[in-house]
Each structure stands twice: as C-alpha cells, then as structure tokens.
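Trainee: Okay, so here is protein_31.txt, and as you'll see once you scroll down, it has compact mmCIF, C-alpha atoms.
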# COMPACT_ATOMS: atom_id res chain seq x y z
CA MET A 983 -39.51 16.69 -20.95
CA GLY A 984 -37.55 13.60 -20.11
CA SER A 985 -37.78 13.99 -16.36
CA PRO A 986 -41.29 15.01 -15.43
CA VAL A 987 -40.91 14.07 -11.77
CA LEU A 988 -38.32 16.71 -10.97
CA VAL A 989 -39.85 19.73 -9.31
CA SER A 990 -36.72 21.83 -9.57
CA ALA A 991 -36.10 20.94 -13.19
CA SER A 992 -36.13 24.58 -14.21
CA THR A 993 -33.08 25.33 -12.07
CA PRO A 994 -29.93 24.40 -13.92
CA PRO A 995 -27.11 23.01 -11.80
CA THR A 996 -24.49 25.54 -10.85
CA ILE A 997 -20.94 24.49 -10.35
CA ASP A 998 -20.25 27.15 -7.72
CA HIS A 999 -23.46 26.48 -5.83
CA GLU A 1000 -24.99 29.92 -5.70
CA ILE A 1001 -28.32 28.19 -5.50
CA ILE A 1002 -28.70 25.50 -2.89
CA HIS A 1003 -32.16 24.17 -2.38
CA PHE A 1004 -33.30 21.75 0.24
CA ASP A 1005 -36.48 19.88 0.77
CA VAL A 1006 -36.80 20.73 4.42
CA ASN A 1007 -34.44 22.80 6.48
CA PRO A 1008 -33.84 21.09 9.80
CA VAL A 1009 -34.68 23.14 12.82
CA THR A 1010 -32.90 23.04 16.16
CA GLN A 1011 -34.73 22.95 19.49
CA ASP A 1012 -34.46 26.75 19.70
CA GLY A 1013 -36.31 26.98 16.41
CA LEU A 1014 -33.22 28.14 14.54
CA LEU A 1015 -32.63 27.07 11.01
CA LEU A 1016 -29.76 24.67 10.71
CA GLU A 1017 -27.64 24.79 7.63
CA MET A 1018 -27.98 21.57 5.70
CA PRO A 1019 -24.76 19.77 4.85
CA LYS A 1020 -23.83 19.66 1.20
CA ILE A 1021 -23.94 16.09 -0.03
CA ILE A 1022 -22.74 14.79 -3.37
CA ILE A 1023 -23.56 11.40 -4.81
CA VAL A 1024 -20.65 10.20 -6.95
CA ILE A 1025 -21.82 7.80 -9.66
CA PRO A 1026 -19.04 6.09 -11.63
CA ALA A 1027 -20.38 4.79 -14.95
CA PHE A 1028 -18.77 2.78 -17.71
CA ASN A 1029 -21.12 1.79 -20.53
CA GLU A 1030 -24.24 2.13 -18.41
CA GLN A 1031 -26.59 3.65 -20.98
CA ASP A 1032 -29.42 1.34 -19.90
CA ASN A 1033 -29.15 2.08 -16.19
CA ILE A 1034 -27.72 5.54 -15.69
CA LYS A 1035 -30.89 7.56 -16.14
CA ASN A 1036 -32.89 5.48 -13.69
CA VAL A 1037 -30.06 5.66 -11.17
CA ILE A 1038 -29.93 9.47 -11.26
CA LEU A 1039 -33.71 9.81 -11.19
CA SER A 1040 -34.04 7.38 -8.28
CA ILE A 1041 -31.62 9.48 -6.23
CA LYS A 1042 -33.29 12.75 -7.21
CA ASN A 1043 -36.69 11.31 -6.41
CA PHE A 1044 -35.46 10.05 -3.07
CA ARG A 1045 -34.19 13.47 -2.02
CA ARG A 1046 -34.06 16.46 -4.27
CA SER A 1047 -31.33 18.21 -2.28
CA LEU A 1048 -28.79 15.49 -3.05
CA ASP A 1049 -26.44 16.54 -5.82
CA CYS A 1050 -25.41 13.91 -8.33
CA VAL A 1051 -22.22 13.77 -10.33
CA VAL A 1052 -21.86 11.09 -12.96
CA ILE A 1053 -18.29 10.20 -13.83
CA ASN A 1054 -18.43 8.76 -17.31
CA ASP A 1055 -15.30 6.62 -17.53
CA ALA A 1056 -14.80 7.03 -21.28
CA SER A 1057 -17.84 4.94 -22.14
CA THR A 1058 -18.15 3.73 -25.71
CA ASP A 1059 -21.95 3.76 -25.68
CA ASN A 1060 -24.45 6.57 -25.17
CA THR A 1061 -23.87 6.97 -21.42
CA GLN A 1062 -22.64 10.52 -21.93
CA GLN A 1063 -25.64 11.74 -23.92
CA ILE A 1064 -28.17 10.00 -21.70
CA ALA A 1065 -26.61 11.21 -18.47
CA SER A 1066 -26.32 14.80 -19.74
CA SER A 1067 -29.96 14.76 -20.80
CA VAL A 1068 -31.03 14.35 -17.19
CA GLU A 1069 -31.57 17.72 -15.58
CA ASN A 1070 -29.81 18.69 -12.39
CA ALA A 1071 -27.01 16.19 -12.55
CA TYR A 1072 -23.42 17.01 -13.23
CA VAL A 1073 -21.71 14.86 -15.79
CA ILE A 1074 -17.94 14.59 -15.98
CA GLU A 1075 -16.53 12.77 -18.97
CA LEU A 1076 -13.08 11.26 -18.61
CA PRO A 1077 -11.13 11.37 -21.88
CA ASN A 1078 -9.38 8.07 -21.05
CA ASN A 1079 -10.76 5.00 -19.35
CA LEU A 1080 -9.25 5.00 -15.86
CA GLY A 1081 -11.08 2.16 -14.16
CA ILE A 1082 -13.59 2.52 -11.33
CA GLY A 1083 -11.03 3.86 -8.83
CA GLY A 1084 -9.84 6.64 -11.11
CA ALA A 1085 -13.45 7.56 -11.86
CA VAL A 1086 -14.51 7.66 -8.21
CA GLN A 1087 -11.42 9.69 -7.33
CA THR A 1088 -12.45 12.24 -9.96
CA GLY A 1089 -15.70 12.52 -8.03
CA PHE A 1090 -13.76 13.11 -4.79
CA LYS A 1091 -11.73 15.84 -6.49
CA PHE A 1092 -14.96 17.39 -7.73
CA ALA A 1093 -16.36 17.24 -4.20
CA ILE A 1094 -13.28 19.01 -2.81
CA GLU A 1095 -13.34 21.69 -5.51
CA ASN A 1096 -16.98 22.42 -4.80
CA ASP A 1097 -16.70 22.22 -1.05
CA TYR A 1098 -19.04 19.34 -0.32
CA ASP A 1099 -19.31 18.10 3.26
CA PHE A 1100 -20.16 14.50 2.49
CA ALA A 1101 -19.83 12.21 -0.50
CA VAL A 1102 -21.51 8.95 -1.33
CA GLN A 1103 -20.16 6.44 -3.79
CA PHE A 1104 -23.08 4.97 -5.69
CA ASP A 1105 -22.68 2.49 -8.54
CA GLY A 1106 -24.12 3.43 -11.91
CA ASP A 1107 -25.40 -0.07 -12.65
CA GLY A 1108 -28.51 0.06 -10.51
CA GLN A 1109 -27.12 -2.30 -7.90
CA HIS A 1110 -27.41 0.25 -5.10
CA LEU A 1111 -30.74 1.54 -3.93
CA ALA A 1112 -31.44 5.22 -3.32
CA GLY A 1113 -33.83 4.25 -0.53
CA GLU A 1114 -30.85 2.91 1.45
CA LEU A 1115 -28.88 6.17 1.27
CA ASP A 1116 -29.89 7.42 4.69
CA LYS A 1117 -28.57 4.27 6.36
CA ILE A 1118 -25.01 4.95 5.27
CA LEU A 1119 -25.25 8.74 5.36
CA SER A 1120 -26.55 9.24 8.89
CA PRO A 1121 -23.52 7.72 10.71
CA VAL A 1122 -21.11 10.04 8.88
CA ILE A 1123 -23.37 13.07 9.23
CA ASP A 1124 -23.81 12.64 12.97
CA GLY A 1125 -20.06 12.07 13.33
CA THR A 1126 -20.07 8.44 14.46
CA CYS A 1127 -17.50 7.57 11.81
CA ASP A 1128 -15.50 8.98 8.92
CA VAL A 1129 -16.52 6.28 6.47
CA CYS A 1130 -19.66 4.21 6.42
CA ILE A 1131 -19.92 1.10 4.26
CA GLY A 1132 -23.19 -0.45 3.23
CA SER A 1133 -22.87 -4.19 3.77
CA ARG A 1134 -24.87 -7.07 2.32
CA PHE A 1135 -23.64 -9.54 4.91
CA ILE A 1136 -24.35 -8.07 8.33
CA ASP A 1137 -27.84 -9.28 9.05
CA ASN A 1138 -29.27 -12.54 7.79
CA ASN A 1139 -31.86 -11.17 5.47
CA THR A 1140 -32.11 -13.87 2.83
CA ASP A 1141 -34.05 -11.70 0.39
CA ASN A 1142 -30.99 -9.60 -0.12
CA PHE A 1143 -28.94 -10.02 -3.27
CA ARG A 1144 -25.62 -11.45 -2.15
CA SER A 1145 -23.63 -12.02 -5.30
CA THR A 1146 -22.11 -15.27 -6.56
CA ALA A 1147 -20.37 -18.02 -4.58
CA THR A 1148 -16.89 -17.22 -5.91
CA ARG A 1149 -17.32 -13.59 -5.09
CA ARG A 1150 -18.51 -14.46 -1.61
CA PHE A 1151 -15.41 -16.57 -1.09
CA GLY A 1152 -13.26 -13.59 -2.08
CA ILE A 1153 -15.17 -11.35 0.29
CA LEU A 1154 -14.64 -13.87 3.11
CA PHE A 1155 -10.92 -13.92 2.35
CA PHE A 1156 -10.73 -10.11 2.46
CA GLN A 1157 -12.63 -10.12 5.73
CA GLN A 1158 -9.86 -12.25 7.27
CA MET A 1159 -7.22 -9.95 5.76
CA ASN A 1160 -8.93 -6.91 7.28
CA LYS A 1161 -9.01 -8.58 10.69
CA LEU A 1162 -5.33 -9.37 10.35
CA LEU A 1163 -4.11 -6.04 8.99
CA ILE A 1164 -6.27 -3.34 10.59
CA LYS A 1165 -8.02 -5.37 13.32
CA GLN A 1166 -11.43 -4.40 12.03
CA ASN A 1167 -14.24 -6.68 11.07
CA ILE A 1168 -15.44 -5.57 7.65
CA SER A 1169 -17.91 -8.10 6.33
CA ASP A 1170 -18.33 -6.62 2.84
CA SER A 1171 -14.99 -5.34 1.58
CA THR A 1172 -16.06 -5.18 -2.05
CA SER A 1173 -19.13 -3.07 -1.42
CA GLY A 1174 -18.95 0.17 -3.38
CA PHE A 1175 -21.86 1.70 -1.48
CA ARG A 1176 -20.08 4.07 0.88
CA ALA A 1177 -20.43 7.45 2.52
CA TYR A 1178 -17.44 9.63 3.40
CA ASN A 1179 -17.01 12.79 5.42
CA LYS A 1180 -14.87 15.73 4.32
CA LYS A 1181 -11.72 14.47 6.03
CA ALA A 1182 -11.94 11.15 4.21
CA ILE A 1183 -12.78 12.79 0.88
CA HIS A 1184 -9.69 14.98 1.23
CA PHE A 1185 -7.46 12.01 1.90
CA LEU A 1186 -8.91 9.84 -0.86
CA SER A 1187 -8.76 12.61 -3.45
CA LYS A 1188 -4.99 12.29 -3.04
CA HIS A 1189 -4.63 8.56 -2.44
CA TYR A 1190 -7.04 6.22 -4.14
CA PRO A 1191 -6.29 2.99 -6.00
CA THR A 1192 -7.03 3.08 -9.72
CA ASP A 1193 -8.55 -0.34 -10.29
CA TYR A 1194 -10.46 -2.59 -7.88
CA PRO A 1195 -10.17 0.05 -5.15
CA GLU A 1196 -12.73 -1.11 -2.59
CA PRO A 1197 -10.86 -3.67 -0.41
CA GLU A 1198 -7.59 -1.77 -0.64
CA SER A 1199 -9.13 1.54 0.37
CA ILE A 1200 -10.41 -0.05 3.60
CA ILE A 1201 -6.83 -0.87 4.62
CA LEU A 1202 -5.72 2.55 3.42
CA LEU A 1203 -8.33 4.31 5.54
CA GLY A 1204 -7.85 2.02 8.54
CA LYS A 1205 -4.09 2.49 8.55
CA ASN A 1206 -4.52 6.25 8.40
CA ASN A 1207 -6.78 6.35 11.44
CA PHE A 1208 -10.11 6.90 9.79
CA THR A 1209 -12.98 5.30 11.63
CA ILE A 1210 -14.94 2.85 9.52
CA LYS A 1211 -18.43 1.61 10.26
CA GLU A 1212 -20.56 -0.93 8.50
CA VAL A 1213 -24.33 -0.87 8.31
CA PRO A 1214 -26.62 -3.47 6.76
CA VAL A 1215 -28.18 -2.42 3.47
CA LEU A 1216 -30.17 -4.03 0.72
CA MET A 1217 -28.75 -4.32 -2.75
CA GLN A 1218 -30.18 -5.38 -6.04
CA GLU A 1219 -28.85 -7.59 -8.75
CA ARG A 1220 -27.60 -5.49 -11.66
CA GLN A 1221 -30.36 -4.59 -14.11
CA ASN A 1222 -28.55 -4.60 -17.43
CA GLY A 1223 -25.08 -5.29 -18.80
CA GLN A 1224 -22.09 -7.24 -17.56
CA SER A 1225 -20.18 -7.19 -14.30
CA SER A 1226 -16.65 -5.86 -14.50
CA ILE A 1227 -15.14 -9.04 -13.02
CA SER A 1228 -15.60 -12.19 -15.10
CA GLY A 1229 -13.65 -14.95 -16.88
CA LEU A 1230 -10.08 -15.37 -15.71
CA LYS A 1231 -10.18 -12.01 -13.99
CA PRO A 1232 -11.08 -13.32 -10.50
CA ILE A 1233 -7.60 -14.84 -10.15
CA TYR A 1234 -5.89 -11.65 -11.26
CA TYR A 1235 -8.29 -9.70 -9.06
CA MET A 1236 -7.49 -11.71 -5.92
CA LEU A 1237 -3.74 -11.54 -6.47
CA LYS A 1238 -3.68 -7.85 -7.33
CA VAL A 1239 -5.98 -6.83 -4.49
CA SER A 1240 -4.22 -8.99 -1.88
CA LEU A 1241 -0.86 -7.53 -2.84
CA ALA A 1242 -2.29 -4.03 -2.89
CA MET A 1243 -3.86 -4.53 0.56
CA TRP A 1244 -0.60 -5.77 1.99
CA MET A 1245 1.30 -2.86 0.45
CA ALA A 1246 -1.26 -0.36 1.70
CA HIS A 1247 -0.66 -1.90 5.12
CA ILE A 1248 3.12 -1.36 5.13
CA ARG A 1249 3.15 1.92 3.19
CA LYS A 1250 3.32 5.25 4.99
CA TYR A 1251 1.83 8.56 3.92
CA MET B 1053 44.90 -28.95 -32.67
CA ASN B 1054 41.97 -29.06 -30.27
CA SER B 1055 43.41 -26.34 -28.06
CA PHE B 1056 44.12 -24.17 -31.11
CA LEU B 1057 40.48 -24.34 -32.15
CA SER B 1058 39.28 -23.46 -28.68
CA THR B 1059 41.63 -20.42 -28.50
CA MET B 1060 40.31 -19.31 -31.85
CA SER B 1061 36.72 -19.55 -30.70
CA ASN B 1062 37.60 -17.65 -27.50
CA HIS B 1063 39.12 -14.91 -29.61
CA ARG B 1064 36.13 -14.83 -31.89
CA LEU B 1065 33.90 -14.38 -28.84
CA THR B 1066 36.15 -11.59 -27.56
CA ILE B 1067 36.01 -9.76 -30.87
CA LEU B 1068 32.26 -10.26 -31.05
CA SER B 1069 31.67 -8.88 -27.56
CA ILE B 1070 33.97 -5.90 -28.17
CA PHE B 1071 32.14 -5.03 -31.36
CA GLY B 1072 28.79 -5.75 -29.81
CA SER B 1073 29.29 -3.47 -26.83
CA LEU B 1074 30.80 -0.73 -29.03
CA LEU B 1075 27.80 -0.96 -31.33
CA VAL B 1076 25.36 -0.65 -28.42
CA LEU B 1077 27.30 2.30 -27.00
CA VAL B 1078 27.36 4.18 -30.32
CA PHE B 1079 23.72 3.34 -31.00
CA ILE B 1080 22.59 4.67 -27.60
CA LEU B 1081 24.73 7.82 -27.89
CA ARG B 1082 23.26 8.50 -31.33
CA LEU B 1083 19.74 8.09 -29.95
CA ILE B 1084 20.52 10.61 -27.22
CA LYS B 1085 22.00 13.01 -29.77
CA HIS B 1086 18.82 12.87 -31.81
CA LYS B 1087 16.71 13.24 -28.66
CA LYS B 1088 15.12 9.82 -29.07
CA ILE B 1089 16.14 8.86 -25.51
CA LYS B 1090 16.34 11.20 -22.56
CA GLU B 1091 19.70 11.27 -20.83
CA GLU B 1092 18.28 10.01 -17.53
CA TYR B 1093 16.95 6.86 -19.17
CA SER B 1094 20.15 6.14 -21.08
CA LEU B 1095 22.52 6.00 -18.13
CA LEU B 1096 21.90 2.32 -17.43
CA TRP B 1097 22.50 1.41 -21.08
CA ILE B 1098 25.71 3.43 -21.26
CA GLY B 1099 26.98 2.17 -17.92
CA PHE B 1100 26.45 -1.47 -18.75
CA SER B 1101 27.84 -1.24 -22.27
CA ILE B 1102 31.01 0.37 -20.90
CA ILE B 1103 31.37 -2.39 -18.28
CA PHE B 1104 30.80 -4.93 -21.03
CA LEU B 1105 33.41 -3.29 -23.25
CA ILE B 1106 36.05 -3.14 -20.51
CA LEU B 1107 35.55 -6.79 -19.59
CA SER B 1108 35.78 -7.81 -23.24
CA LEU B 1109 38.96 -5.80 -23.79
CA PHE B 1110 40.81 -7.00 -20.67
CA ARG B 1111 40.55 -10.74 -20.55
CA PRO B 1112 42.44 -11.11 -17.21
CA LEU B 1113 39.87 -8.87 -15.55
CA LEU B 1114 37.08 -11.10 -16.84
CA GLU B 1115 38.98 -14.22 -15.73
CA SER B 1116 39.40 -12.93 -12.19
CA LEU B 1117 35.76 -11.84 -12.03
CA ALA B 1118 34.66 -15.29 -13.20
CA ASN B 1119 37.00 -16.78 -10.60
CA VAL B 1120 35.47 -14.73 -7.80
CA LEU B 1121 31.96 -15.74 -8.88
CA GLY B 1122 32.99 -19.37 -9.26
CA ILE B 1123 32.26 -19.46 -12.98
CA TYR B 1124 34.35 -22.08 -14.75
CA TYR B 1125 34.09 -20.69 -18.27
CA ALA B 1126 35.03 -16.98 -18.14
CA PRO B 1127 32.88 -15.69 -21.07
CA SER B 1128 29.81 -16.96 -19.19
CA ALA B 1129 30.43 -14.10 -16.78
CA LEU B 1130 29.74 -11.74 -19.67
CA LEU B 1131 26.40 -13.44 -20.16
CA LEU B 1132 25.61 -13.00 -16.49
CA ILE B 1133 26.38 -9.28 -16.68
CA PHE B 1134 24.25 -9.03 -19.80
CA VAL B 1135 21.29 -10.63 -18.02
CA LEU B 1136 21.80 -8.33 -15.02
CA ALA B 1137 21.85 -5.30 -17.30
CA GLN B 1138 18.56 -6.34 -18.91
CA PHE B 1139 17.06 -6.89 -15.48
CA PHE B 1140 17.94 -3.43 -14.22
CA ILE B 1141 16.82 -1.73 -17.41
CA LEU B 1142 13.47 -3.54 -17.36
CA VAL B 1143 12.89 -2.63 -13.71
CA GLN B 1144 13.60 0.96 -14.62
CA PHE B 1145 10.98 0.67 -17.38
CA SER B 1146 8.39 -0.60 -14.90
CA ILE B 1147 9.11 2.33 -12.61
CA VAL B 1148 8.87 4.85 -15.43
CA ILE B 1149 5.66 3.30 -16.79
CA SER B 1150 4.05 3.36 -13.34
CA LYS B 1151 4.98 6.99 -12.93
CA LEU B 1152 3.65 7.83 -16.38
CA SER B 1153 0.36 6.04 -15.81
CA ASN B 1154 -0.09 7.92 -12.54
CA ASN B 1155 0.64 11.24 -14.25
CA ASN B 1156 -1.71 10.22 -17.03
CA LYS B 1157 -4.46 9.45 -14.52
CA ASN B 1158 -4.06 12.83 -12.83
CA LEU B 1159 -4.12 14.67 -16.15
CA THR B 1160 -7.19 12.76 -17.31
CA GLN B 1161 -9.02 13.69 -14.12
CA GLU B 1162 -7.90 17.30 -14.31
CA ILE B 1163 -9.01 17.68 -17.94
CA ALA B 1164 -12.38 16.09 -17.19
CA LEU B 1165 -12.95 18.41 -14.21
CA LEU B 1166 -11.96 21.48 -16.22
CA LYS B 1167 -14.19 20.48 -19.11
CA ALA B 1168 -17.13 20.04 -16.76
CA LYS B 1169 -16.39 23.44 -15.26
CA ILE B 1170 -16.38 25.10 -18.68
CA ASN B 1171 -19.58 23.38 -19.76
CA ASN B 1172 -21.32 24.41 -16.55
CA SER B 1173 -20.06 27.99 -16.47
CA PRO B 1174 -22.82 30.65 -16.71
CA ILE B 1175 -21.69 31.69 -20.21
CA ASN B 1176 -21.95 28.26 -21.73
CA ARG B 1177 -24.68 26.90 -19.56
CA GLU B 1178 -27.53 28.52 -21.50
CA ASN B 1179 -26.33 27.18 -24.81
CA PHE B 1180 -25.40 23.89 -23.30
CA ARG B 1181 -28.55 23.23 -21.34
CA ARG B 1182 -31.13 24.78 -23.62
CA PRO B 1183 -34.00 22.31 -23.99
CA GLU B 1184 -34.29 21.03 -27.51
CA GLN B 1185 -37.08 22.43 -29.64
CA GLU B 1186 -39.31 19.82 -31.12
Rewrite the structure from the file as structure tokens, please.

Mentor:
Amino acid sequence: MGSPVLVSASTPPTIDHEIIHFDVNPVTQDGLLLEMPKIIIVIPAFNEQDNIKNVILSIKNFRRSLDCVVINDASTDNTQQIASSVENAYVIELPNNLGIGGAVQTGFKFAIENDYDFAVQFDGDGQHLAGELDKILSPVIDGTCDVCIGSRFIDNNTDNFRSTATRRFGILFFQQMNKLLIKQNISDSTSGFRAYNKKAIHFLSKHYPTDYPEPESIILLGKNNFTIKEVPVLMQERQNGQSSISGLKPIYYMLKVSLAMWMAHIRKY
Amino acid sequence: MNSFLSTMSNHRLTILSIFGSLLVLVFILRLIKHKKIKEEYSLLWIGFSIIFLILSLFRPLLESLANVLGIYYAPSALLLIFVLAQFFILVQFSIVISKLSNNNKNLTQEIALLKAKINNSPINRENFRRPEQE
C-alpha cells in the first residue's frame, strides 16, 4: 500500500528474529555460506513527520537486510503514526522526551536485547544518506575499529553540506579538545552518523549522555580504549523542520558539552 | 541610653532566632511524621536547625565562634551558618534531582522497550499490523 518498493513487505518484523532475510549471502573462498552480521539502524526522531518515512524507505531501499528501529522521542506530531505505517521497521515510542542521547541509547538497549552485531546511528531528519552507510559500516564489520564516524570535513569536497559558520567553529573547538584529551584527531565531533560494533554498543547502552551526546561520547569511548575511525561521507541539508540547536542555545551547548567532555575525561568506569 | 537600646535589639534578635529555629525544627519533624519528607532528606534541615538553636541559646558560644571567624558582630555568624545551611541543602537537591532524572530516563527507556516488545509479540502482531481495509 504505502510502501510499494519493499519486496519483503509481506513479512512482518519479528522482535526475536526467527526470520532473517538477506539480499545476498556472502560466500567464502571455499564456497561456504557465511553468516551475515545482524545490523540495526537506530533512527532517533523528534517531530519528524515530514522526513521519517523517506528516511526509513531510503535505508530499506538501499539494503533490505538492514533492520530499522525508529526511536520516537515523545513527538507531538504524527511521527508515531507515520513511522508505524511503514512496514518492516520497528518503532519504539518513548513516553517522555529524553533528548537525542536518551533516544539513541534506547536503540542501543534494543540492539543488545535482540543480539545485533552492529548498530548505526542515523538521524531521522534526512541529513544522513543511506547510500553512505557502507562507508561507515565496513570498517567496523572488518574489525578495523570499534566505532566509525562519518565526517563532513575530511576531504575537501566543496559540494558537501557543511553546516553553518558558528557550528563549524564549535566543531573546530571540539577537534582541539579531542586532540588534547584523547590524543585523537576527530574532525567532525558533532556528526551523528556513526557505526558501532557489539562491544561499543554494550558499553554505550550503559553509559551514554542524555543531551548533546556526540562530542562527549567520543571522549567517553576514547578514554575507555575503544578504537575510533573517521571516514569521509556526504551529508545533506535537513529537508524539513528546525535544527535542535538555535537561538541562545549555542552558548549553553558549548559550555555544557565542554564541561561534559572534561568530566568524561577525568571520570572512571 | 544608646547601649540599653542596642542590648534590647540584641535580645530581640536572640529571641527571634530561638523561635525561628524551633519553628523550623517542629515544622520539619511534622513533615516527616506525615511522610511529606523522607528521613534521609530531612537530616540536613534538622542538623542545621539544632546548630542554629544551640547558638541562639548560648550567646557565649556564638561570641567565641564569631571571634574565631573574625566576625565583629556576633549575630552575623548566625547569618553565615544560615547561608551555609541553604548551600548544603541546595547541593543535596541537585544531587537528588540528578539521580531522579537518571532513574526517570532508565524507566522511560525500559517502558518504551517493553511496549514495543508487546506490540510486536506474535499474539498482538496480527491485530497490530493488519493492513487497513479500504
């Protein structure tokens, strides 16, 4: 009905994964079938009724075997109804608004409960592109790193959407903080386009900041000996709606995040 | 004449602070009795109102404390203790609120996950996912 492109639309999603279907099973050199890793795409969404359907469909169209879970962060619009109307996507509705970190962490908990091997954080506002998924997924799948971040600032592709000047200043500031605190060069700390392996999902399902989690979680992961890698990706300007950080918030954001990064640096788990 | 007035005002302040701290103490104890405050969150209130009461009752004690702290006018020391008490109680509030919001976050996530599990369970799935007839 609503999603004519989905081939497997007749198969309802199962929470315990009795049915796992893949596009192509990879074959080893001996001709043996290799078991495909279970991958979940975590999509936090707050009032994204205009974008959410396209986001889910773009992922499903990119690769049918990718499972999607939408975390509806107590939206006040029709995000819940629209997301649930899309076949083959899980929708989790938070009864209270927790902020992006709390929503993403719910996705990590879901991934642990359902024994996923890898998780991708994918914004519900259409900023991230499904076509770029393999770039961040392959380094964690082949074991190069525990966490892979999709960065807008690695190569000098000018076509790429790079956000506003103030935001870029903030990102530059965080880059220096990362160099200082965990001796790693992360060019795009605020990027929410990330892939995690099971070890990282486990850790973050227990420790994840509630609001503005991205820069802080880099320190958190770095301090706890997770290997982080950055790959260049393309991103798109948001299609509809407002960004979460506007008005006087940038000042609060910088202060809160800087403090949180410093605390994550000196805290021990 | 001048010194008489100042002694009077000192006494008035003493009486005021004795009554004030007694009032706070009784008020807090009543709140605990009626289960409006949990015991663990009342200890700071009780502790500070008792300290306040003792210092108001025994003027020499207050004088020597003020002396140690280098405070010229002894009743000012009471004010200092009052401010300190408020500080500690407010810090305790921040701690409790942070703990509560963390618990609240965990509960919210847990409820959402459970709800999703129920909605996706084989029993409810058919009803839940049945395509609408048009």

Trainee: With only C-alpha atoms counted and 10 Å as the cut-off, give the residues of chain A in contact with chain B, each with its shortest interatomic distance in Å and the pair that gives it, as CSV.

Mentor:
residue,atom,partner,partner_atom,distance
A:Met983,CA,B:Pro1183,CA,8.4
A:Pro994,CA,B:Arg1181,CA,7.6
A:Pro995,CA,B:Asn1172,CA,7.6
A:Thr996,CA,B:Asn1172,CA,6.6
A:Ile997,CA,B:Asn1172,CA,6.2
A:Asp998,CA,B:Ser1173,CA,8.8
A:Ile1053,CA,B:Ala1164,CA,9.0
A:Asn1054,CA,B:Ala1164,CA,9.5
A:Asp1055,CA,B:Ala1164,CA,9.9
A:Ser1066,CA,B:Arg1181,CA,8.9
A:Ser1067,CA,B:Arg1181,CA,8.6
A:Glu1069,CA,B:Arg1181,CA,8.5
A:Tyr1072,CA,B:Ala1168,CA,7.8
A:Val1073,CA,B:Ala1168,CA,7.0
A:Ile1074,CA,B:Ala1168,CA,5.6
A:Glu1075,CA,B:Ala1164,CA,5.6
A:Leu1076,CA,B:Ala1164,CA,5.1
A:Pro1077,CA,B:Thr1160,CA,6.2
A:Asn1078,CA,B:Thr1160,CA,6.4
A:Asn1079,CA,B:Thr1160,CA,8.8
A:Leu1080,CA,B:Lys1157,CA,6.7
A:Gly1081,CA,B:Lys1157,CA,9.9
A:Gly1084,CA,B:Lys1157,CA,7.0
A:Ala1085,CA,B:Gln1161,CA,7.9
A:Gln1087,CA,B:Gln1161,CA,8.2
A:Thr1088,CA,B:Gln1161,CA,5.6
A:Gly1089,CA,B:Leu1165,CA,9.0
A:Lys1091,CA,B:Leu1165,CA,8.2
A:Phe1092,CA,B:Leu1165,CA,6.9
A:Glu1095,CA,B:Leu1165,CA,9.3
A:Lys1188,CA,B:Asn1158,CA,9.8
A:Thr1192,CA,B:Lys1157,CA,8.4

Trainee: What does the structure give for the distance between atom CA of Lys1231 of chain A and atom CA of Glu1030 of chain A, in Å to one decimal?

Mentor: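 These two atoms are separated by 20.4 Å.
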
Trainee: Find the residues around segment 1090-1093 of chain B up to 9 Å (all atoms listed in the file counted), leave out those fewer than 5 positions away in its own chain, and share them as a PyMOL selection string.

Mentor: chain B and resi 1083-1084+1141+1144-1145

Trainee: For a quick check of understanding, using all atoms listed in the file, which of B:Ser1146, B:Arg1111, B:Val1120, B:Phe1104 has the smallest distance to Ile1133 of chain B?

Mentor: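 Ranked by minimum distance to Ile1133 of chain B, first place goes to B:Phe1104.
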
Trainee: One decimal, Å: what's the distance from atom CA of Ile1118 of chain A over to atom CA of Ile1094 of chain A, could you say?

Mentor: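 Value for the atom CA of Ile1118 of chain A-atom CA of Ile1094 of chain A distance: 20.0 Å.
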
Trainee: Please indicate the distance in Å from atom CA of Thr1172 of chain A to atom CA of Ser1040 of chain A, rounded to one decimal place.

Mentor: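 Interatomic distance here is 22.8 Å.
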